Amino acid sequence: MTAPSSRSSRRRASGLARAAVPAGVVLALTAGLAGCKGVVVASSTGAPGSITAVAASAPASSAAAAAPGAAADPATTAASSSGAGSSGAAGSVSVSVTSPVTISGSVPVAVSCSTGLAYRASVSTAVVQGDQLSFSVATPRYRGPGSYDAVVGVTLHQASGVVTAVAGVSRVPAVLSSTGGSFSVSAKGSGGRTFTGSLKWTCGS
């Protein structure tokens, strides 16, 4: 018959053996994690046989690195894609008028042009040999550079004070390019005077 003190000693030894197993597991886990490059392991133990904390984290530099294919910063993209705009072209007008007076020449002047469903170009004032000329041209159903039937208006204010104006003249042959255009017109205008002339323009300021 085994003495009570012997049985008590065996129970204490068995309990210590069971408590030692988790500690061994913690040591093995800690050693394995610490062997991984860039992994930080923190562990602490409380009461025998318990694990209170085991944590691992990647290096800060790895977390900060962008994943392959990640979207770029919009501000950076805008800055890299933006650039100085090209300077606008200089506008100009060339005229050759044979009625009611004869004038001809080319002058730099602002020519407003717009495209879309229709093409429009206009000049508010161009002074040629002392006479002032303005014109407008519009082409509906614009499809790009080419030949069109346009609606034009021309006003010639002579230095003598005589004004000849033709407006809304339709089906005037016009040739439009990516930079300007030209047309020739002959029509009766104000005061019964006929305006006959050819105009060519380059869009720009």
# chains A, B, ... in the order shown; residues from 1 in each chain; ligands from 1
$ residues_around --residues "Val107 of chain A" --least-positions-apart "2" --cutoff "9 Å" --atoms "only C-alpha atoms" --output "ChimeraX atom specification"
/A:91-95,105,109,126-128
$ closest_residue --among "A:Thr164, A:Thr155, A:Ser99, A:Thr139" --to "Gly189 of chain A" --atoms "only C-alpha atoms"
A:Thr164
$ residues_around --residues "Arg171 of chain A" --least-positions-apart "4" --cutoff "10 Å" --atoms "only C-alpha atoms" --output "PyMOL selection string"
chain A and resi 139+148-152+185
$ write_last_selection --atoms "C-alpha atoms" --output "PDB file, in the first residue's frame"
ATOM      1  CA  THR A 139     -21.252  77.217 -92.007  1.00  0.00           C
ATOM      2  CA  TYR A 148     -18.871  74.575 -97.910  1.00  0.00           C
ATOM      3  CA  ASP A 149     -21.730  76.885 -98.783  1.00  0.00           C
ATOM      4  CA  ALA A 150     -21.538  79.613 -96.142  1.00  0.00           C
ATOM      5  CA  VAL A 151     -23.633  82.503 -94.941  1.00  0.00           C
ATOM      6  CA  VAL A 152     -21.535  85.677 -94.865  1.00  0.00           C
ATOM      7  CA  VAL A 185     -18.637  87.305-102.542  1.00  0.00           C
TER       8      VAL A 185
END
$ closest_residue --among "A:Pro173, A:Pro140, A:Gly116, A:Gly130" --to "Val101 of chain A" --atoms "only C-alpha atoms"
A:Gly130
$ atom_distance --atom1 "atom CA of Lys200 of chain A" --atom2 "atom CA of Tyr119 of chain A"
15.0 Å
$ decode --residues "segment 157-204 of chain A" --atoms "N, CA and C atoms" --output "PDB file, in the first residue's frame"
ATOM      1  N   HIS A 157     -16.420 100.254 -94.260  1.00  0.00           N
ATOM      2  CA  HIS A 157     -16.587 101.644 -93.874  1.00  0.00           C
ATOM      3  C   HIS A 157     -15.400 102.419 -94.444  1.00  0.00           C
ATOM      4  N   GLN A 158     -15.657 103.127 -95.528  1.00  0.00           N
ATOM      5  CA  GLN A 158     -14.574 103.838 -96.199  1.00  0.00           C
ATOM      6  C   GLN A 158     -14.152 105.069 -95.396  1.00  0.00           C
ATOM      7  N   ALA A 159     -12.924 105.483 -95.620  1.00  0.00           N
ATOM      8  CA  ALA A 159     -12.399 106.655 -94.927  1.00  0.00           C
ATOM      9  C   ALA A 159     -13.213 107.901 -95.264  1.00  0.00           C
ATOM     10  N   SER A 160     -13.851 107.905 -96.420  1.00  0.00           N
ATOM     11  CA  SER A 160     -14.686 109.047 -96.837  1.00  0.00           C
ATOM     12  C   SER A 160     -16.006 109.106 -96.078  1.00  0.00           C
ATOM     13  N   GLY A 161     -16.326 108.047 -95.336  1.00  0.00           N
ATOM     14  CA  GLY A 161     -17.575 108.001 -94.582  1.00  0.00           C
ATOM     15  C   GLY A 161     -18.647 107.148 -95.225  1.00  0.00           C
ATOM     16  N   VAL A 162     -18.434 106.693 -96.453  1.00  0.00           N
ATOM     17  CA  VAL A 162     -19.419 105.850 -97.137  1.00  0.00           C
ATOM     18  C   VAL A 162     -19.352 104.441 -96.554  1.00  0.00           C
ATOM     19  N   VAL A 163     -20.525 103.916 -96.246  1.00  0.00           N
ATOM     20  CA  VAL A 163     -20.601 102.562 -95.673  1.00  0.00           C
ATOM     21  C   VAL A 163     -21.373 101.665 -96.619  1.00  0.00           C
ATOM     22  N   THR A 164     -20.754 100.546 -96.946  1.00  0.00           N
ATOM     23  CA  THR A 164     -21.418  99.535 -97.769  1.00  0.00           C
ATOM     24  C   THR A 164     -21.478  98.246 -96.957  1.00  0.00           C
ATOM     25  N   ALA A 165     -22.700  97.743 -96.786  1.00  0.00           N
ATOM     26  CA  ALA A 165     -22.871  96.538 -95.969  1.00  0.00           C
ATOM     27  C   ALA A 165     -23.724  95.518 -96.697  1.00  0.00           C
ATOM     28  N   VAL A 166     -23.275  94.294 -96.673  1.00  0.00           N
ATOM     29  CA  VAL A 166     -24.073  93.178 -97.157  1.00  0.00           C
ATOM     30  C   VAL A 166     -24.193  92.196 -95.984  1.00  0.00           C
ATOM     31  N   ALA A 167     -25.405  91.689 -95.792  1.00  0.00           N
ATOM     32  CA  ALA A 167     -25.633  90.819 -94.627  1.00  0.00           C
ATOM     33  C   ALA A 167     -26.475  89.616 -95.017  1.00  0.00           C
ATOM     34  N   GLY A 168     -26.165  88.485 -94.381  1.00  0.00           N
ATOM     35  CA  GLY A 168     -26.963  87.278 -94.597  1.00  0.00           C
ATOM     36  C   GLY A 168     -26.918  86.757 -96.010  1.00  0.00           C
ATOM     37  N   VAL A 169     -25.800  86.944 -96.691  1.00  0.00           N
ATOM     38  CA  VAL A 169     -25.687  86.412 -98.060  1.00  0.00           C
ATOM     39  C   VAL A 169     -25.431  84.914 -97.944  1.00  0.00           C
ATOM     40  N   SER A 170     -26.327  84.132 -98.503  1.00  0.00           N
ATOM     41  CA  SER A 170     -26.235  82.675 -98.353  1.00  0.00           C
ATOM     42  C   SER A 170     -25.611  82.010 -99.577  1.00  0.00           C
ATOM     43  N   ARG A 171     -25.243  80.744 -99.390  1.00  0.00           N
ATOM     44  CA  ARG A 171     -24.680  79.904-100.446  1.00  0.00           C
ATOM     45  C   ARG A 171     -23.437  80.539-101.077  1.00  0.00           C
ATOM     46  N   VAL A 172     -22.626  81.126-100.228  1.00  0.00           N
ATOM     47  CA  VAL A 172     -21.362  81.690-100.693  1.00  0.00           C
ATOM     48  C   VAL A 172     -20.285  80.608-100.574  1.00  0.00           C
ATOM     49  N   PRO A 173     -19.623  80.248-101.676  1.00  0.00           N
ATOM     50  CA  PRO A 173     -18.593  79.213-101.599  1.00  0.00           C
ATOM     51  C   PRO A 173     -17.461  79.627-100.653  1.00  0.00           C
ATOM     52  N   ALA A 174     -17.139  78.754 -99.700  1.00  0.00           N
ATOM     53  CA  ALA A 174     -16.072  79.019 -98.740  1.00  0.00           C
ATOM     54  C   ALA A 174     -15.205  77.773 -98.593  1.00  0.00           C
ATOM     55  N   VAL A 175     -13.946  78.018 -98.385  1.00  0.00           N
ATOM     56  CA  VAL A 175     -13.002  76.926 -98.131  1.00  0.00           C
ATOM     57  C   VAL A 175     -12.479  77.100 -96.718  1.00  0.00           C
ATOM     58  N   LEU A 176     -12.658  76.066 -95.909  1.00  0.00           N
ATOM     59  CA  LEU A 176     -12.244  76.121 -94.509  1.00  0.00           C
ATOM     60  C   LEU A 176     -11.104  75.146 -94.264  1.00  0.00           C
ATOM     61  N   SER A 177     -10.116  75.608 -93.506  1.00  0.00           N
ATOM     62  CA  SER A 177      -8.986  74.758 -93.137  1.00  0.00           C
ATOM     63  C   SER A 177      -8.920  74.656 -91.622  1.00  0.00           C
ATOM     64  N   SER A 178      -7.917  73.942 -91.122  1.00  0.00           N
ATOM     65  CA  SER A 178      -7.769  73.803 -89.679  1.00  0.00           C
ATOM     66  C   SER A 178      -7.292  75.097 -89.022  1.00  0.00           C
ATOM     67  N   THR A 179      -6.799  76.042 -89.821  1.00  0.00           N
ATOM     68  CA  THR A 179      -6.275  77.296 -89.260  1.00  0.00           C
ATOM     69  C   THR A 179      -7.042  78.532 -89.688  1.00  0.00           C
ATOM     70  N   GLY A 180      -7.948  78.429 -90.638  1.00  0.00           N
ATOM     71  CA  GLY A 180      -8.672  79.605 -91.112  1.00  0.00           C
ATOM     72  C   GLY A 180      -9.575  79.263 -92.279  1.00  0.00           C
ATOM     73  N   GLY A 181      -9.647  80.179 -93.235  1.00  0.00           N
ATOM     74  CA  GLY A 181     -10.511  79.937 -94.393  1.00  0.00           C
ATOM     75  C   GLY A 181     -10.515  81.111 -95.346  1.00  0.00           C
ATOM     76  N   SER A 182     -11.374  81.012 -96.358  1.00  0.00           N
ATOM     77  CA  SER A 182     -11.482  82.082 -97.357  1.00  0.00           C
ATOM     78  C   SER A 182     -12.830  81.995 -98.061  1.00  0.00           C
ATOM     79  N   PHE A 183     -13.263  83.117 -98.598  1.00  0.00           N
ATOM     80  CA  PHE A 183     -14.468  83.139 -99.445  1.00  0.00           C
ATOM     81  C   PHE A 183     -14.404  84.357-100.339  1.00  0.00           C
ATOM     82  N   SER A 184     -15.189  84.306-101.393  1.00  0.00           N
ATOM     83  CA  SER A 184     -15.360  85.438-102.320  1.00  0.00           C
ATOM     84  C   SER A 184     -16.855  85.694-102.457  1.00  0.00           C
ATOM     85  N   VAL A 185     -17.227  86.971-102.474  1.00  0.00           N
ATOM     86  CA  VAL A 185     -18.637  87.305-102.542  1.00  0.00           C
ATOM     87  C   VAL A 185     -18.833  88.547-103.391  1.00  0.00           C
ATOM     88  N   SER A 186     -19.965  88.580-104.076  1.00  0.00           N
ATOM     89  CA  SER A 186     -20.375  89.759-104.817  1.00  0.00           C
ATOM     90  C   SER A 186     -21.881  89.901-104.626  1.00  0.00           C
ATOM     91  N   ALA A 187     -22.294  90.958-103.933  1.00  0.00           N
ATOM     92  CA  ALA A 187     -23.712  91.128-103.626  1.00  0.00           C
ATOM     93  C   ALA A 187     -24.026  92.599-103.470  1.00  0.00           C
ATOM     94  N   LYS A 188     -25.271  92.949-103.772  1.00  0.00           N
ATOM     95  CA  LYS A 188     -25.706  94.337-103.633  1.00  0.00           C
ATOM     96  C   LYS A 188     -26.011  94.609-102.168  1.00  0.00           C
ATOM     97  N   GLY A 189     -25.504  95.758-101.714  1.00  0.00           N
ATOM     98  CA  GLY A 189     -25.676  96.078-100.308  1.00  0.00           C
ATOM     99  C   GLY A 189     -26.377  97.400-100.105  1.00  0.00           C
ATOM    100  N   SER A 190     -26.076  98.023 -98.997  1.00  0.00           N
ATOM    101  CA  SER A 190     -26.736  99.265 -98.622  1.00  0.00           C
ATOM    102  C   SER A 190     -26.448 100.377 -99.633  1.00  0.00           C
ATOM    103  N   GLY A 191     -27.452 101.232 -99.869  1.00  0.00           N
ATOM    104  CA  GLY A 191     -27.321 102.340-100.809  1.00  0.00           C
ATOM    105  C   GLY A 191     -27.270 101.890-102.253  1.00  0.00           C
ATOM    106  N   GLY A 192     -27.619 100.612-102.492  1.00  0.00           N
ATOM    107  CA  GLY A 192     -27.594 100.115-103.871  1.00  0.00           C
ATOM    108  C   GLY A 192     -26.198  99.828-104.373  1.00  0.00           C
ATOM    109  N   ARG A 193     -25.194  99.968-103.522  1.00  0.00           N
ATOM    110  CA  ARG A 193     -23.814  99.695-103.940  1.00  0.00           C
ATOM    111  C   ARG A 193     -23.522  98.203-103.842  1.00  0.00           C
ATOM    112  N   THR A 194     -22.696  97.743-104.742  1.00  0.00           N
ATOM    113  CA  THR A 194     -22.317  96.326-104.766  1.00  0.00           C
ATOM    114  C   THR A 194     -20.953  96.148-104.115  1.00  0.00           C
ATOM    115  N   PHE A 195     -20.940  95.198-103.247  1.00  0.00           N
ATOM    116  CA  PHE A 195     -19.640  94.842-102.653  1.00  0.00           C
ATOM    117  C   PHE A 195     -19.124  93.601-103.372  1.00  0.00           C
ATOM    118  N   THR A 196     -17.914  93.686-103.881  1.00  0.00           N
ATOM    119  CA  THR A 196     -17.255  92.554-104.520  1.00  0.00           C
ATOM    120  C   THR A 196     -15.851  92.423-103.943  1.00  0.00           C
ATOM    121  N   GLY A 197     -15.578  91.262-103.417  1.00  0.00           N
ATOM    122  CA  GLY A 197     -14.249  91.090-102.842  1.00  0.00           C
ATOM    123  C   GLY A 197     -13.993  89.662-102.381  1.00  0.00           C
ATOM    124  N   SER A 198     -12.734  89.419-102.098  1.00  0.00           N
ATOM    125  CA  SER A 198     -12.294  88.120-101.580  1.00  0.00           C
ATOM    126  C   SER A 198     -11.607  88.351-100.228  1.00  0.00           C
ATOM    127  N   LEU A 199     -11.888  87.486 -99.292  1.00  0.00           N
ATOM    128  CA  LEU A 199     -11.323  87.603 -97.956  1.00  0.00           C
ATOM    129  C   LEU A 199     -10.699  86.263 -97.547  1.00  0.00           C
ATOM    130  N   LYS A 200      -9.571  86.347 -96.900  1.00  0.00           N
ATOM    131  CA  LYS A 200      -8.897  85.161 -96.374  1.00  0.00           C
ATOM    132  C   LYS A 200      -8.463  85.470 -94.953  1.00  0.00           C
ATOM    133  N   TRP A 201      -8.627  84.525 -94.047  1.00  0.00           N
ATOM    134  CA  TRP A 201      -8.305  84.778 -92.649  1.00  0.00           C
ATOM    135  C   TRP A 201      -7.558  83.609 -92.025  1.00  0.00           C
ATOM    136  N   THR A 202      -6.814  83.979 -90.980  1.00  0.00           N
ATOM    137  CA  THR A 202      -6.158  83.002 -90.128  1.00  0.00           C
ATOM    138  C   THR A 202      -6.650  83.225 -88.711  1.00  0.00           C
ATOM    139  N   CYS A 203      -7.163  82.180 -88.088  1.00  0.00           N
ATOM    140  CA  CYS A 203      -7.729  82.318 -86.757  1.00  0.00           C
ATOM    141  C   CYS A 203      -6.623  82.614 -85.737  1.00  0.00           C
ATOM    142  N   GLY A 204      -6.940  83.455 -84.792  1.00  0.00           N
ATOM    143  CA  GLY A 204      -5.953  83.776 -83.741  1.00  0.00           C
ATOM    144  C   GLY A 204      -6.208  85.128 -83.146  1.00  0.00           C
TER     145      GLY A 204
END
